[in-house]
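The structure under discussion appears below in the form of structure tokens.
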Amino acid sequence: MFELLKEQPADKILMLMQAFREDPRETKIDLGVGVYKDANGNTPVMRAVKAAEKLWWEQETTKAYTGLAGDPAYAEAMIDLVLGDAVPRAAVSAAATPGGTGACRQGFDLVRMANPAARVWVSDPTWPNHLSILKHMGMERVDYRYFDEETRGVDFDGMMADLAGVKAGDVVLVHGCCHNPTGANLNLAQWRELVALLNAKGAIPMVDIAYQGFGDGLDEDAAGVRLIASSVPECIIAASCSKNFGIYRERTGLLMTVAQDTAKQKLNQGTLNYLNRQNYSFPPDHGARLVTLVLNDPGLRADWAAELEEVRLSMLGLREQLASELQRLSGSDRFGFIAQHRGMFSRLGATPEQVARLRDEHAIYMVGDSRLNIAGLNKTTVPILARAIVDVGI
Ligand code: LMR
């Protein structure tokens with residue numbers, strides 16, 4: 001049987017991680033995978049998370065199963081973090097998932113169960129794993145324009161023109177904030193226009209929010225998802241705690257559905273529970289437990305929010321430094337977009353050849369579409385990157 005298997009394409013981001021590890025050059029700089037790094041290149045465990053782990057070690061009395069949707073206290077805390085008071089609690093169903101990827105996968109599964117004819121619209125470009133999962137599941141996907149290669153901002157006119165083609169029942173996947181891979185995001189007026197279009201068409205938004213707190217702040221980054229949740233009849237939300245709690249390997253995510261018709265809440269909850277049971281039974285608990293402890297303890301929560309804010313501001317500082325260094329070296333403002341983008345990533349708009357030259361000649365690793373992880377930089381490496389960018393003629 002195994003001889004019938006076909007070789008699967010390797011994930012580009014994970015391949016890059018491996019190539020970086022194998023590069024013996026001491027000066028190498030990793031701007032690949034979306035993992036936060038401090039100025040020393042470390043990905044520390046956040047203070048509040050460490051404290052919660054200690055607390056939990058002392059408090060935990062059993063490793064017996066939780067519920068199929070995970071611990072309800074985790075869902076409550078995360079619904080509050082993501083949605084605030086945008087919708088009545090009775091409108092929301094939620095299940096813990098293994099990471100944000102698990103939430104996306106379960107969300108697509110839910111779409112396929114509810115409406116096998118639904119097409120899923122995705123931004124061009126989007127996180128490559130969205131495409132890979134949809135393909136693996138055999139779901140129909142349609143791309144909509146998103147990134148303006150000239151301005152390196154959102155091609156909002158193109159996006160709206162393409163989305164005018166959605167049919168009732170189609171699902172439109174959007175990034176809640178800190179668009180991955182481009183770093184270009186909608187403003188609130190654009191979110192409003194998008195919501196009006198989706199409502200007019202009867203399409204269902206699905207929001208992937210994996211970087212809340214990395215862009216403009218915890219509430220600011222949730223403004224789009226909250227607007228959607230409060231203004232459409234139904235939506236799906238996939239949230240991740242990997243980045244904003246720094247618990248990547250603990251696999252901590254949440255899939256939510258919002259239905260203004262609260263009579264659907266029970267059915268939706270049952271479906272989320274069912275999907276968890278089919279795919280992995282009980283979701284992992286450790287990361288979810290840490291998040292719950294942090295969010296529900298005022299002291300830990302304040303410390304976590306303060307550390308997250310330091311992370312956010314350090315990335316903003318690096319963006320500004322890189323944009324001004326490039327302005328100085330190139331004598332032009334064409335890199336100003338780097339300071340405008342938000343989140344961990346920016347798409348430089350370089351050719352694959354230029355990206356390869358950065359890697360081969362300068363030991364600088366970024367994804368082939370020229371997505372760079374800002375958090376992979378520090379004050380010393382910013383000028384090195386800026387010189388390399390100018391050297392390869394970007
Ligand atoms: C990324 O985009 O680099 C991260 O979300 C990590 C991943 O799983 O791809």
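Identifiers in this document derive from the order of the structure tokens: chains are assigned A, B, ..., residues are numbered from 1 separately in each chain, and ligands are numbered from 1 in order of occurrence.
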Produce a table with one row for each residue of chain A that has an atom at most 8 Å from any atom of ligand 1, each row naming the nearest atom pair and its distance in Å at one decimal; use only C-alpha atoms and all ligand atoms; arrange rows by chain and rising residue number; format as CSV.
residue,atom,partner,partner_atom_place_in_ligand_line,distance
A:Ile13,CA,ligand 1,9 (O),5.9
A:Leu14,CA,ligand 1,9 (O),7.0
A:Gly32,CA,ligand 1,3 (O),6.6
A:Val33,CA,ligand 1,3 (O),3.8
A:Gly34,CA,ligand 1,3 (O),3.5
A:Val35,CA,ligand 1,3 (O),6.8
A:Thr101,CA,ligand 1,8 (O),7.5
A:Trp127,CA,ligand 1,2 (O),6.1
A:Pro128,CA,ligand 1,9 (O),7.6
A:Asn129,CA,ligand 1,9 (O),6.8
A:Asn180,CA,ligand 1,2 (O),6.5
A:Pro181,CA,ligand 1,2 (O),7.1
A:Ala210,CA,ligand 1,5 (O),7.9
Problem - Residues near Asp369 in chain A, cut-off 8 Å, only C-alpha atoms, skip fewer than 2 positions along chain, as an MDAnalysis selection string - result: chainID A and resid 347 349:352 355 367 371
Practice task
Assign secondary structure with DSSP using the backbone only, and return the residues of range 187-258 of chain A in alpha helix (DSSP H) as a ChimeraX atom specification.
Solution key: /A:188-201,218-221,223-231
Exercise for the section: Return the single residue from A:Pro298, A:Ile389, A:Ala203, A:Tyr365 that is closest to Ala323 in chain A, with distances computed using only C-alpha atoms. Expected result: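 Closest residue, counting only C-alpha atoms: A:Ile389.
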Exercise for the section: Calculate how many Å separate CA of Ala117 in chain A from CA of Glu234 in chain A, rounding to one decimal. Expected result: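 CA of Glu234 in chain A lies at a distance of 17.2 Å from CA of Ala117 in chain A.
Candidate residues A:Val294, A:Leu188, A:Leu385, A:Met137 were compared for distance to Ala73 in chain A, and the nearest is A:Val294, using only C-alpha atoms.
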Problem - Selected residue of minimal separation from Asp261 in chain A among A:Val92, A:Ile394, A:Ala69, A:Met78, counting only C-alpha atoms - result: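 Nearest candidate to Asp261 in chain A out of A:Val92, A:Ile394, A:Ala69, A:Met78: A:Val92.
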Practice task
Name the residues in contact with Asp221 in chain A at a cut-off of 6 Å, using only C-alpha atoms, excluding same-chain residues fewer than 4 positions from it; report them as a ChimeraX atom specification.
Solution key: /A:177,212,216-217
